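For reference, the structure is listed below as structure tokens.
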Amino acid sequence: SRSARVSAERPFYDLHADAYDALVTDSPESWVEAVHARLAAAGCHRARVLDAGCGTGRHARGLLDRGYHVELLDASPRLLGLAARRCPGSPAHEADLCGLGLAPRFDAVSCRGVLNDLVTDAERDAALASFARVLRPGGLLFLDVREAGASRVRADGTQRRRTVTLGEGATLSFVSRPRWREGRLLVAETYELSTPDGRVSVHDYDFEMRPWTADEVR
């Protein structure tokens, strides 16, 4: 799907995947605890969970530490490799959410953030159908998406910059400029990598996301 191609080529997920954890610093604990509480309430204390769009595996690691069996899945091979190192022993699947070919063996699917990248109704329908196929009867689906109203307010065209220090003294400056048009976020990104020997490389990437209205979620 188009969203899987973006996941494989966006510098944030590929060329600069090693900077992902430095740039995304929000704690996974609130999400992990919410999923854990709901699974425990359902009596699924040793549930098999598919982390669909696992990124670098921070949320999967939290679920593993609570005793769940977690399988990793992402369309970005670079992110998936980082997740596999963080969660040794967890099966890892490089796959498109819109066409999962896994057996229906999961008690739960956790999909956090990824559905914003599905911008057509056909992609969204295909992803949700994939989740239904891999879940056992009575399985639970945990979704986290951008809400359209708040996303529109934040998409004011303002540049947002972050600079992080990487290994061996390199620095990465990340600039993002979100705009809103006809229900979609248009995001322009620039990545500037500077190394101690004075070399500088710059990469630009533009893409779009489609946040979800409350009615769409229901």
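Going through the structure tokens in order, the chains are called A, B, and so on, while each chain numbers its residues from 1 and the ligands are numbered from 1 in the order shown.
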request  = Output as a VMD selection string all residues of segment 132-206 of chain A that backbone DSSP marks as alpha helix (DSSP H).
outcome  = chain A and resid 132 to 134 148 to 154
Residues just named, written with all heavy atoms as a short mmCIF file (atom, residue, chain, number, x, y, z; two decimals), in the first residue's frame:
data_model
loop_
_atom_site.label_atom_id
_atom_site.label_comp_id
_atom_site.auth_asym_id
_atom_site.auth_seq_id
_atom_site.Cartn_x
_atom_site.Cartn_y
_atom_site.Cartn_z
N ALA A 132 -8.89 -8.09 11.78
CA ALA A 132 -9.95 -9.05 12.08
C ALA A 132 -9.52 -10.47 11.75
O ALA A 132 -9.84 -11.42 12.48
CB ALA A 132 -11.22 -8.68 11.31
N ARG A 133 -8.77 -10.63 10.64
CA ARG A 133 -8.35 -11.97 10.23
C ARG A 133 -7.34 -12.59 11.18
O ARG A 133 -7.32 -13.81 11.37
CB ARG A 133 -7.75 -11.91 8.81
CG ARG A 133 -8.77 -11.75 7.70
CD ARG A 133 -8.16 -12.05 6.34
NE ARG A 133 -7.03 -11.18 6.04
CZ ARG A 133 -7.14 -10.02 5.41
NH1 ARG A 133 -8.35 -9.58 5.04
NH2 ARG A 133 -6.08 -9.28 5.14
N VAL A 134 -6.45 -11.77 11.77
CA VAL A 134 -5.39 -12.35 12.60
C VAL A 134 -5.81 -12.53 14.05
O VAL A 134 -5.10 -13.19 14.82
CB VAL A 134 -4.10 -11.51 12.53
CG1 VAL A 134 -3.62 -11.39 11.09
CG2 VAL A 134 -4.27 -10.15 13.18
N ALA A 148 -8.99 14.57 14.53
CA ALA A 148 -8.95 15.54 13.45
C ALA A 148 -9.03 16.98 13.94
O ALA A 148 -8.29 17.86 13.45
CB ALA A 148 -10.08 15.26 12.46
N GLY A 149 -9.93 17.27 14.89
CA GLY A 149 -10.11 18.65 15.33
C GLY A 149 -8.86 19.25 15.93
O GLY A 149 -8.42 20.35 15.55
N ALA A 150 -8.25 18.54 16.86
CA ALA A 150 -7.03 19.04 17.50
C ALA A 150 -5.87 19.08 16.51
O ALA A 150 -5.03 19.98 16.58
CB ALA A 150 -6.68 18.16 18.70
N SER A 151 -5.83 18.12 15.61
CA SER A 151 -4.75 18.10 14.61
C SER A 151 -4.83 19.32 13.70
O SER A 151 -3.81 19.90 13.34
CB SER A 151 -4.83 16.82 13.77
OG SER A 151 -4.60 15.68 14.56
N ARG A 152 -6.04 19.72 13.36
CA ARG A 152 -6.21 20.88 12.49
C ARG A 152 -5.71 22.15 13.17
O ARG A 152 -5.08 23.00 12.54
CB ARG A 152 -7.68 21.03 12.11
CG ARG A 152 -7.94 22.19 11.17
CD ARG A 152 -9.36 22.21 10.67
NE ARG A 152 -9.57 23.24 9.66
CZ ARG A 152 -10.69 23.38 8.96
NH1 ARG A 152 -11.69 22.55 9.16
NH2 ARG A 152 -10.79 24.34 8.06
N VAL A 153 -5.95 22.27 14.47
CA VAL A 153 -5.49 23.45 15.20
C VAL A 153 -3.96 23.51 15.23
O VAL A 153 -3.36 24.58 15.06
CB VAL A 153 -6.05 23.44 16.64
CG1 VAL A 153 -5.42 24.54 17.48
CG2 VAL A 153 -7.56 23.61 16.61
N ARG A 154 -3.32 22.37 15.41
CA ARG A 154 -1.86 22.34 15.50
C ARG A 154 -1.17 22.52 14.15
O ARG A 154 -0.01 22.92 14.09
CB ARG A 154 -1.40 21.02 16.14
CG ARG A 154 -1.74 20.90 17.62
CD ARG A 154 -0.96 19.75 18.26
NE ARG A 154 -1.31 18.48 17.67
CZ ARG A 154 -2.28 17.67 18.10
NH1 ARG A 154 -3.01 18.06 19.13
NH2 ARG A 154 -2.52 16.52 17.53
#
| message | Run DSSP on the backbone and tell me which residues of segment 93-195 of chain A come out as strand (DSSP E or B); list them as JSON, numbers by chain. | response | {"A": [93, 94, 106, 107, 108, 109, 110, 111, 112, 135, 136, 137, 138, 139, 140, 141, 142, 143, 144, 147, 156, 160, 161, 162, 163, 164, 165, 171, 172, 173, 174, 175, 176, 177, 178, 179, 180, 181, 184, 185, 186, 187, 188, 189, 190, 191, 192, 193, 194]}
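Between atom CA of Asp121 of chain A and atom CA of Gly157 of chain A the interatomic distance comes to 26.0 Å.
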Subject >> Polymer residues at most 9 Å from Ala95 of chain A, only C-alpha atoms, same-chain spacing of 5 or more positions, as a VMD selection string >> reply: chain A and resid 4 73 to 76 100 to 101
